[in-house]
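Visitor: Got a structure here, written out as structure tokens. Questions coming.
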Amino acid sequence: MSIISIGVADLARSVEFYRDGLGFPLGEDDSANGIAFFDLEDGARLVVWTFDFMATDTGEPVGGAPSITLGHAVSSRAEVDEVMDLARRAGARIVRDPVTLSWGGYSGYFADPDGHLWEAVWIPPRYGWADGRYEGTD
């Protein structure tokens with residue numbers, strides 16, 4: 001997956017949250033047309049669109065956060081805590097503070113200004129993850 005697009009109520013607020021709050025690099029800001037692009041790792045992009053622009057582009061009515069979560073895999077348990085602290089300082093609503101999971105991972109959840117759920121997660125290397133990236137298993 002290389003592009004994740006989410007609808008937002010207030011583009012300026014969302015650009016501020018992701019760029020200034022979470023530190024995502026803003027690639028292109030086309031606020032006049034209701035869209036902004038953030039450059040993520042390995043060529044992936046997070047695209048935030050106003051609900052109106054998304055509805056016009058897709059031909060479907062939209063509004064509010066869908067029932068999905070966006071995952072941010074990191075390199076360590078400590079980094080999960082750092083991401084959650086960063087999100088808290090950026091104004092995110094903390095949905096669940098980080099906990100050790102039954103299978104050995106460690107994660108917490110926060111919601112962005114529009115209610116999109118993000119998981120900050122550390123996945124043990126035995127599951128094929130290293131440095132926050134999936135590398136497969138033998």
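Chain labels run A, B, ... following the order of the structure tokens; each chain numbers its residues from 1, and ligands are numbered from 1 in the order shown.
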Which residues of stretch 10-47 of chain A have any atom within 12 Å of an atom in stretch 57-79 of chain A when counting only C-alpha atoms, and what is the closest pair of atoms for each, with the distance in Å to one decimal? Order the rows by chain and rising number and write it as CSV.
Guide:
```
residue,atom,partner,partner_atom,distance
A:Asp10,CA,A:Gly64,CA,11.5
A:Leu22,CA,A:His72,CA,11.6
A:Phe24,CA,A:His72,CA,11.9
A:Asn33,CA,A:Asp57,CA,11.3
A:Gly34,CA,A:Asp57,CA,11.0
A:Ile35,CA,A:Asp57,CA,11.1
A:Leu40,CA,A:His72,CA,10.8
A:Glu41,CA,A:His72,CA,11.0
A:Leu46,CA,A:Leu70,CA,10.4
```
Visitor: Would you write out, as a tab-separated table, a table of all residues in stretch 35-134 of chain A that have an atom no more than 6 Å from an atom of stretch 3-9 of chain A, listing for each the closest atom pair and the distance in Å to one decimal, considering only C-alpha atoms and ordering rows by chain and rising residue number?
Guide:
```
residue	atom	partner	partner_atom	distance
A:Ala44	CA	A:Ile3	CA	5.7
A:Arg45	CA	A:Ile3	CA	4.9
A:Leu46	CA	A:Ile4	CA	5.0
A:Val47	CA	A:Ser5	CA	4.5
A:Val48	CA	A:Ile6	CA	5.1
A:Trp49	CA	A:Gly7	CA	4.9
A:Thr50	CA	A:Val8	CA	4.9
A:Phe51	CA	A:Gly7	CA	5.0
A:Asp114	CA	A:Val8	CA	6.0
```
Visitor: Hey, what does DSSP flag as helix (DSSP H, G or I) within chain A? Can you give it to me as a PDB file with N, CA and C atoms, in the first residue's frame?
Guide:
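Result file part.pdb:
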```
ATOM      1  N   LEU A  11      -9.100  21.081   7.159  1.00  0.00           N
ATOM      2  CA  LEU A  11      -7.796  20.756   6.566  1.00  0.00           C
ATOM      3  C   LEU A  11      -6.649  21.459   7.289  1.00  0.00           C
ATOM      4  N   ALA A  12      -6.798  22.741   7.593  1.00  0.00           N
ATOM      5  CA  ALA A  12      -5.715  23.473   8.258  1.00  0.00           C
ATOM      6  C   ALA A  12      -5.386  22.839   9.612  1.00  0.00           C
ATOM      7  N   ARG A  13      -6.418  22.470  10.363  1.00  0.00           N
ATOM      8  CA  ARG A  13      -6.201  21.833  11.669  1.00  0.00           C
ATOM      9  C   ARG A  13      -5.477  20.504  11.501  1.00  0.00           C
ATOM     10  N   SER A  14      -5.854  19.731  10.484  1.00  0.00           N
ATOM     11  CA  SER A  14      -5.223  18.428  10.260  1.00  0.00           C
ATOM     12  C   SER A  14      -3.791  18.573   9.779  1.00  0.00           C
ATOM     13  N   VAL A  15      -3.525  19.544   8.905  1.00  0.00           N
ATOM     14  CA  VAL A  15      -2.144  19.792   8.464  1.00  0.00           C
ATOM     15  C   VAL A  15      -1.292  20.166   9.666  1.00  0.00           C
ATOM     16  N   GLU A  16      -1.810  21.023  10.521  1.00  0.00           N
ATOM     17  CA  GLU A  16      -1.065  21.409  11.722  1.00  0.00           C
ATOM     18  C   GLU A  16      -0.819  20.192  12.623  1.00  0.00           C
ATOM     19  N   PHE A  17      -1.825  19.346  12.812  1.00  0.00           N
ATOM     20  CA  PHE A  17      -1.696  18.168  13.663  1.00  0.00           C
ATOM     21  C   PHE A  17      -0.614  17.228  13.134  1.00  0.00           C
ATOM     22  N   TYR A  18      -0.689  16.880  11.847  1.00  0.00           N
ATOM     23  CA  TYR A  18       0.254  15.912  11.290  1.00  0.00           C
ATOM     24  C   TYR A  18       1.644  16.507  11.058  1.00  0.00           C
ATOM     25  N   ARG A  19       1.715  17.732  10.563  1.00  0.00           N
ATOM     26  CA  ARG A  19       3.020  18.352  10.290  1.00  0.00           C
ATOM     27  C   ARG A  19       3.693  18.838  11.567  1.00  0.00           C
ATOM     28  N   ASP A  20       3.019  19.698  12.306  1.00  0.00           N
ATOM     29  CA  ASP A  20       3.634  20.330  13.475  1.00  0.00           C
ATOM     30  C   ASP A  20       3.574  19.447  14.714  1.00  0.00           C
ATOM     31  N   GLY A  21       2.471  18.724  14.871  1.00  0.00           N
ATOM     32  CA  GLY A  21       2.301  17.899  16.056  1.00  0.00           C
ATOM     33  C   GLY A  21       3.045  16.582  15.986  1.00  0.00           C
ATOM     34  N   SER A  31      -4.131  23.347  -0.150  1.00  0.00           N
ATOM     35  CA  SER A  31      -5.269  23.700   0.701  1.00  0.00           C
ATOM     36  C   SER A  31      -6.371  24.396  -0.066  1.00  0.00           C
ATOM     37  N   ALA A  32      -6.011  25.165  -1.087  1.00  0.00           N
ATOM     38  CA  ALA A  32      -7.028  25.865  -1.870  1.00  0.00           C
ATOM     39  C   ALA A  32      -8.010  24.891  -2.500  1.00  0.00           C
ATOM     40  N   ASN A  33      -7.538  23.671  -2.771  1.00  0.00           N
ATOM     41  CA  ASN A  33      -8.404  22.657  -3.362  1.00  0.00           C
ATOM     42  C   ASN A  33      -8.855  21.603  -2.350  1.00  0.00           C
ATOM     43  N   GLU A  41       7.594   7.066   4.780  1.00  0.00           N
ATOM     44  CA  GLU A  41       8.756   6.251   4.425  1.00  0.00           C
ATOM     45  C   GLU A  41       8.498   5.408   3.181  1.00  0.00           C
ATOM     46  N   ASP A  42       9.568   5.089   2.482  1.00  0.00           N
ATOM     47  CA  ASP A  42       9.538   4.187   1.326  1.00  0.00           C
ATOM     48  C   ASP A  42       8.561   4.623   0.247  1.00  0.00           C
ATOM     49  N   GLY A  43       8.367   5.921   0.076  1.00  0.00           N
ATOM     50  CA  GLY A  43       7.517   6.439  -0.983  1.00  0.00           C
ATOM     51  C   GLY A  43       6.031   6.443  -0.668  1.00  0.00           C
ATOM     52  N   PHE A  51     -13.746  16.599   3.749  1.00  0.00           N
ATOM     53  CA  PHE A  51     -14.853  15.684   3.454  1.00  0.00           C
ATOM     54  C   PHE A  51     -15.531  16.064   2.134  1.00  0.00           C
ATOM     55  N   ASP A  52     -15.715  17.373   1.894  1.00  0.00           N
ATOM     56  CA  ASP A  52     -16.375  17.811   0.662  1.00  0.00           C
ATOM     57  C   ASP A  52     -15.579  17.408  -0.578  1.00  0.00           C
ATOM     58  N   PHE A  53     -14.255  17.633  -0.546  1.00  0.00           N
ATOM     59  CA  PHE A  53     -13.432  17.285  -1.705  1.00  0.00           C
ATOM     60  C   PHE A  53     -13.414  15.774  -1.925  1.00  0.00           C
ATOM     61  N   MET A  54     -13.326  15.008  -0.828  1.00  0.00           N
ATOM     62  CA  MET A  54     -13.333  13.558  -0.950  1.00  0.00           C
ATOM     63  C   MET A  54     -14.651  13.070  -1.544  1.00  0.00           C
ATOM     64  N   ALA A  55     -15.762  13.644  -1.117  1.00  0.00           N
ATOM     65  CA  ALA A  55     -17.074  13.250  -1.641  1.00  0.00           C
ATOM     66  C   ALA A  55     -17.191  13.574  -3.121  1.00  0.00           C
ATOM     67  N   THR A  56     -16.692  14.742  -3.509  1.00  0.00           N
ATOM     68  CA  THR A  56     -16.736  15.123  -4.917  1.00  0.00           C
ATOM     69  C   THR A  56     -15.869  14.185  -5.759  1.00  0.00           C
ATOM     70  N   ASP A  57     -14.677  13.890  -5.276  1.00  0.00           N
ATOM     71  CA  ASP A  57     -13.744  13.057  -6.029  1.00  0.00           C
ATOM     72  C   ASP A  57     -14.223  11.607  -6.137  1.00  0.00           C
ATOM     73  N   THR A  58     -14.772  11.074  -5.055  1.00  0.00           N
ATOM     74  CA  THR A  58     -15.176   9.661  -5.052  1.00  0.00           C
ATOM     75  C   THR A  58     -16.602   9.443  -5.547  1.00  0.00           C
ATOM     76  N   ARG A  77       9.726  -0.666  22.311  1.00  0.00           N
ATOM     77  CA  ARG A  77       8.673  -0.288  23.256  1.00  0.00           C
ATOM     78  C   ARG A  77       8.810   1.189  23.632  1.00  0.00           C
ATOM     79  N   ALA A  78      10.030   1.635  23.854  1.00  0.00           N
ATOM     80  CA  ALA A  78      10.261   3.030  24.231  1.00  0.00           C
ATOM     81  C   ALA A  78       9.760   3.975  23.145  1.00  0.00           C
ATOM     82  N   GLU A  79       9.921   3.577  21.894  1.00  0.00           N
ATOM     83  CA  GLU A  79       9.459   4.428  20.803  1.00  0.00           C
ATOM     84  C   GLU A  79       7.931   4.496  20.754  1.00  0.00           C
ATOM     85  N   VAL A  80       7.249   3.416  21.142  1.00  0.00           N
ATOM     86  CA  VAL A  80       5.784   3.475  21.255  1.00  0.00           C
ATOM     87  C   VAL A  80       5.415   4.579  22.242  1.00  0.00           C
ATOM     88  N   ASP A  81       6.083   4.586  23.405  1.00  0.00           N
ATOM     89  CA  ASP A  81       5.805   5.606  24.417  1.00  0.00           C
ATOM     90  C   ASP A  81       6.100   7.007  23.879  1.00  0.00           C
ATOM     91  N   GLU A  82       7.174   7.144  23.107  1.00  0.00           N
ATOM     92  CA  GLU A  82       7.528   8.441  22.525  1.00  0.00           C
ATOM     93  C   GLU A  82       6.454   8.914  21.553  1.00  0.00           C
ATOM     94  N   VAL A  83       5.977   8.020  20.681  1.00  0.00           N
ATOM     95  CA  VAL A  83       4.935   8.382  19.712  1.00  0.00           C
ATOM     96  C   VAL A  83       3.655   8.789  20.442  1.00  0.00           C
ATOM     97  N   MET A  84       3.297   8.039  21.471  1.00  0.00           N
ATOM     98  CA  MET A  84       2.085   8.364  22.226  1.00  0.00           C
ATOM     99  C   MET A  84       2.224   9.718  22.916  1.00  0.00           C
ATOM    100  N   ASP A  85       3.400  10.018  23.465  1.00  0.00           N
ATOM    101  CA  ASP A  85       3.635  11.321  24.095  1.00  0.00           C
ATOM    102  C   ASP A  85       3.567  12.443  23.053  1.00  0.00           C
ATOM    103  N   LEU A  86       4.140  12.201  21.886  1.00  0.00           N
ATOM    104  CA  LEU A  86       4.095  13.176  20.804  1.00  0.00           C
ATOM    105  C   LEU A  86       2.648  13.435  20.393  1.00  0.00           C
ATOM    106  N   ALA A  87       1.869  12.375  20.230  1.00  0.00           N
ATOM    107  CA  ALA A  87       0.461  12.518  19.859  1.00  0.00           C
ATOM    108  C   ALA A  87      -0.301  13.291  20.933  1.00  0.00           C
ATOM    109  N   ARG A  88      -0.059  12.975  22.186  1.00  0.00           N
ATOM    110  CA  ARG A  88      -0.724  13.671  23.304  1.00  0.00           C
ATOM    111  C   ARG A  88      -0.412  15.165  23.249  1.00  0.00           C
ATOM    112  N   ARG A  89       0.866  15.502  23.063  1.00  0.00           N
ATOM    113  CA  ARG A  89       1.263  16.921  22.995  1.00  0.00           C
ATOM    114  C   ARG A  89       0.661  17.613  21.778  1.00  0.00           C
ATOM    115  N   PRO A 125      10.479  -9.131  16.984  1.00  0.00           N
ATOM    116  CA  PRO A 125      11.162  -9.605  15.777  1.00  0.00           C
ATOM    117  C   PRO A 125      10.721 -10.999  15.320  1.00  0.00           C
ATOM    118  N   ARG A 126      10.292 -11.850  16.238  1.00  0.00           N
ATOM    119  CA  ARG A 126       9.896 -13.204  15.838  1.00  0.00           C
ATOM    120  C   ARG A 126       8.732 -13.207  14.845  1.00  0.00           C
ATOM    121  N   TYR A 127       8.037 -12.086  14.709  1.00  0.00           N
ATOM    122  CA  TYR A 127       6.928 -11.985  13.757  1.00  0.00           C
ATOM    123  C   TYR A 127       7.380 -11.391  12.419  1.00  0.00           C
TER     124      TYR A 127
END
```
Visitor: Measure the distance from atom CA of A:Phe110 to atom CA of A:Pro98 in Å and round it to one decimal.
Guide: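 Taking atom CA of A:Phe110 and atom CA of A:Pro98, their separation equals 9.9 Å.
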Visitor: Using the chain letters and numbers from this document, which residues of chain A does DSSP assign to strand (DSSP E), as a short mmCIF file (atom, residue, chain, number, x, y, z; two decimals) with N, CA and C atoms, in the first residue's frame?
Guide:
```
data_model
loop_
_atom_site.label_atom_id
_atom_site.label_comp_id
_atom_site.auth_asym_id
_atom_site.auth_seq_id
_atom_site.Cartn_x
_atom_site.Cartn_y
_atom_site.Cartn_z
N ILE A 3 -0.59 4.64 -0.70
CA ILE A 3 -1.32 5.87 -0.42
C ILE A 3 -2.44 5.56 0.56
N ILE A 4 -2.50 6.32 1.62
CA ILE A 4 -3.60 6.24 2.58
C ILE A 4 -4.25 7.61 2.57
N SER A 5 -5.54 7.65 2.21
CA SER A 5 -6.27 8.91 2.17
C SER A 5 -7.33 8.92 3.26
N ILE A 6 -7.40 10.02 3.99
CA ILE A 6 -8.42 10.14 5.03
C ILE A 6 -9.16 11.46 4.86
N GLY A 7 -10.45 11.44 5.13
CA GLY A 7 -11.25 12.65 5.09
C GLY A 7 -11.16 13.39 6.40
N VAL A 8 -11.15 14.71 6.33
CA VAL A 8 -11.04 15.53 7.53
C VAL A 8 -12.03 16.69 7.46
N LEU A 26 5.44 17.45 5.24
CA LEU A 26 4.43 17.88 4.28
C LEU A 26 5.05 17.94 2.90
N GLY A 27 4.55 17.15 1.98
CA GLY A 27 5.07 17.12 0.63
C GLY A 27 4.46 18.19 -0.24
N GLU A 28 3.13 18.23 -0.26
CA GLU A 28 2.43 19.21 -1.09
C GLU A 28 1.20 19.66 -0.32
N ASP A 29 1.01 20.95 -0.25
CA ASP A 29 -0.15 21.52 0.43
C ASP A 29 -0.98 22.24 -0.61
N ASP A 30 -2.08 21.63 -0.99
CA ASP A 30 -3.01 22.23 -1.96
C ASP A 30 -4.29 22.58 -1.23
N ILE A 35 -6.87 19.64 -0.15
CA ILE A 35 -6.08 18.41 -0.04
C ILE A 35 -4.63 18.73 0.33
N ALA A 36 -4.00 17.84 1.09
CA ALA A 36 -2.58 17.97 1.43
C ALA A 36 -1.96 16.58 1.46
N PHE A 37 -0.69 16.50 1.07
CA PHE A 37 0.03 15.24 0.97
C PHE A 37 1.22 15.24 1.93
N PHE A 38 1.36 14.16 2.69
CA PHE A 38 2.50 13.99 3.57
C PHE A 38 3.34 12.85 3.05
N ASP A 39 4.65 13.07 2.95
CA ASP A 39 5.58 12.05 2.46
C ASP A 39 6.02 11.18 3.62
N ARG A 45 2.49 7.70 1.03
CA ARG A 45 1.96 9.03 1.30
C ARG A 45 0.68 8.93 2.13
N LEU A 46 0.54 9.88 3.04
CA LEU A 46 -0.72 10.08 3.75
C LEU A 46 -1.35 11.30 3.11
N VAL A 47 -2.58 11.15 2.64
CA VAL A 47 -3.29 12.24 1.99
C VAL A 47 -4.48 12.61 2.87
N VAL A 48 -4.58 13.88 3.21
CA VAL A 48 -5.74 14.36 3.96
C VAL A 48 -6.57 15.26 3.04
N TRP A 49 -7.84 14.95 2.96
CA TRP A 49 -8.77 15.68 2.10
C TRP A 49 -9.90 16.21 2.95
N THR A 50 -10.45 17.34 2.57
CA THR A 50 -11.68 17.77 3.23
C THR A 50 -12.77 16.76 2.85
N THR A 69 -8.20 1.29 11.60
CA THR A 69 -7.11 1.88 12.36
C THR A 69 -5.92 2.00 11.43
N LEU A 70 -5.11 2.99 11.66
CA LEU A 70 -3.88 3.20 10.93
C LEU A 70 -2.75 2.83 11.88
N GLY A 71 -1.84 1.98 11.44
CA GLY A 71 -0.77 1.51 12.31
C GLY A 71 0.55 2.19 12.03
N HIS A 72 1.23 2.54 13.10
CA HIS A 72 2.56 3.11 13.00
C HIS A 72 3.50 2.19 13.78
N ALA A 73 4.14 1.25 13.05
CA ALA A 73 5.06 0.30 13.68
C ALA A 73 6.39 1.00 13.93
N VAL A 74 6.93 0.77 15.12
CA VAL A 74 8.18 1.41 15.52
C VAL A 74 9.18 0.37 15.98
N ARG A 93 -6.48 12.63 21.17
CA ARG A 93 -7.17 12.00 22.29
C ARG A 93 -6.56 10.62 22.47
N ILE A 94 -6.08 10.33 23.66
CA ILE A 94 -5.49 9.02 23.92
C ILE A 94 -6.64 8.04 24.17
N VAL A 95 -6.72 7.04 23.32
CA VAL A 95 -7.79 6.05 23.39
C VAL A 95 -7.41 4.93 24.35
N ARG A 96 -6.17 4.48 24.24
CA ARG A 96 -5.67 3.47 25.16
C ARG A 96 -4.17 3.69 25.34
N ASP A 97 -3.76 3.88 26.58
CA ASP A 97 -2.33 4.00 26.86
C ASP A 97 -1.65 2.69 26.46
N PRO A 98 -0.35 2.73 26.16
CA PRO A 98 0.36 1.52 25.75
C PRO A 98 0.31 0.42 26.80
N VAL A 99 0.12 -0.80 26.31
CA VAL A 99 0.11 -2.00 27.16
C VAL A 99 0.86 -3.11 26.44
N THR A 100 1.37 -4.06 27.22
CA THR A 100 1.95 -5.27 26.65
C THR A 100 0.80 -6.19 26.27
N TYR A 106 3.55 -4.54 21.97
CA TYR A 106 3.32 -3.42 22.87
C TYR A 106 2.69 -2.32 22.04
N SER A 107 1.51 -1.83 22.45
CA SER A 107 0.87 -0.81 21.64
C SER A 107 -0.07 0.07 22.45
N GLY A 108 -0.35 1.23 21.86
CA GLY A 108 -1.32 2.17 22.38
C GLY A 108 -2.07 2.77 21.21
N TYR A 109 -3.23 3.37 21.50
CA TYR A 109 -4.06 3.98 20.45
C TYR A 109 -4.33 5.44 20.77
N PHE A 110 -4.35 6.26 19.71
CA PHE A 110 -4.78 7.65 19.84
C PHE A 110 -5.66 8.00 18.66
N ALA A 111 -6.47 9.05 18.83
CA ALA A 111 -7.35 9.53 17.76
C ALA A 111 -6.90 10.91 17.33
N LEU A 117 -8.41 6.57 14.13
CA LEU A 117 -7.64 5.85 15.15
C LEU A 117 -6.28 5.43 14.62
N TRP A 118 -5.26 5.73 15.37
CA TRP A 118 -3.88 5.35 15.08
C TRP A 118 -3.38 4.44 16.19
N GLU A 119 -2.67 3.40 15.79
CA GLU A 119 -2.02 2.52 16.75
C GLU A 119 -0.51 2.72 16.64
N ALA A 120 0.12 3.03 17.75
CA ALA A 120 1.58 3.01 17.82
C ALA A 120 1.93 1.63 18.36
N VAL A 121 2.73 0.86 17.60
CA VAL A 121 2.92 -0.54 17.97
C VAL A 121 4.37 -0.98 17.76
N TRP A 122 4.86 -1.75 18.72
CA TRP A 122 6.12 -2.46 18.57
C TRP A 122 5.76 -3.93 18.44
N TRP A 129 9.33 -8.60 12.04
CA TRP A 129 9.49 -7.15 12.06
C TRP A 129 10.84 -6.77 12.63
N ALA A 130 11.47 -5.78 12.02
CA ALA A 130 12.73 -5.23 12.52
C ALA A 130 12.73 -3.74 12.23
N ARG A 133 9.70 -2.22 10.54
CA ARG A 133 9.36 -2.62 9.16
C ARG A 133 9.19 -4.13 9.07
N TYR A 134 8.23 -4.52 8.26
CA TYR A 134 8.00 -5.95 8.07
C TYR A 134 9.02 -6.48 7.09
#
```
Visitor: How many Å lie between atom CA of A:Glu135 and atom CA of A:Ile123, rounded to one decimal?
Guide: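 Straight-line distance from atom CA of A:Glu135 to atom CA of A:Ile123 works out to 11.7 Å.
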Visitor: What gap, in Å, lies between atom CA of A:Asp112 and atom CA of A:Gly23?
Guide: 13.5 Å
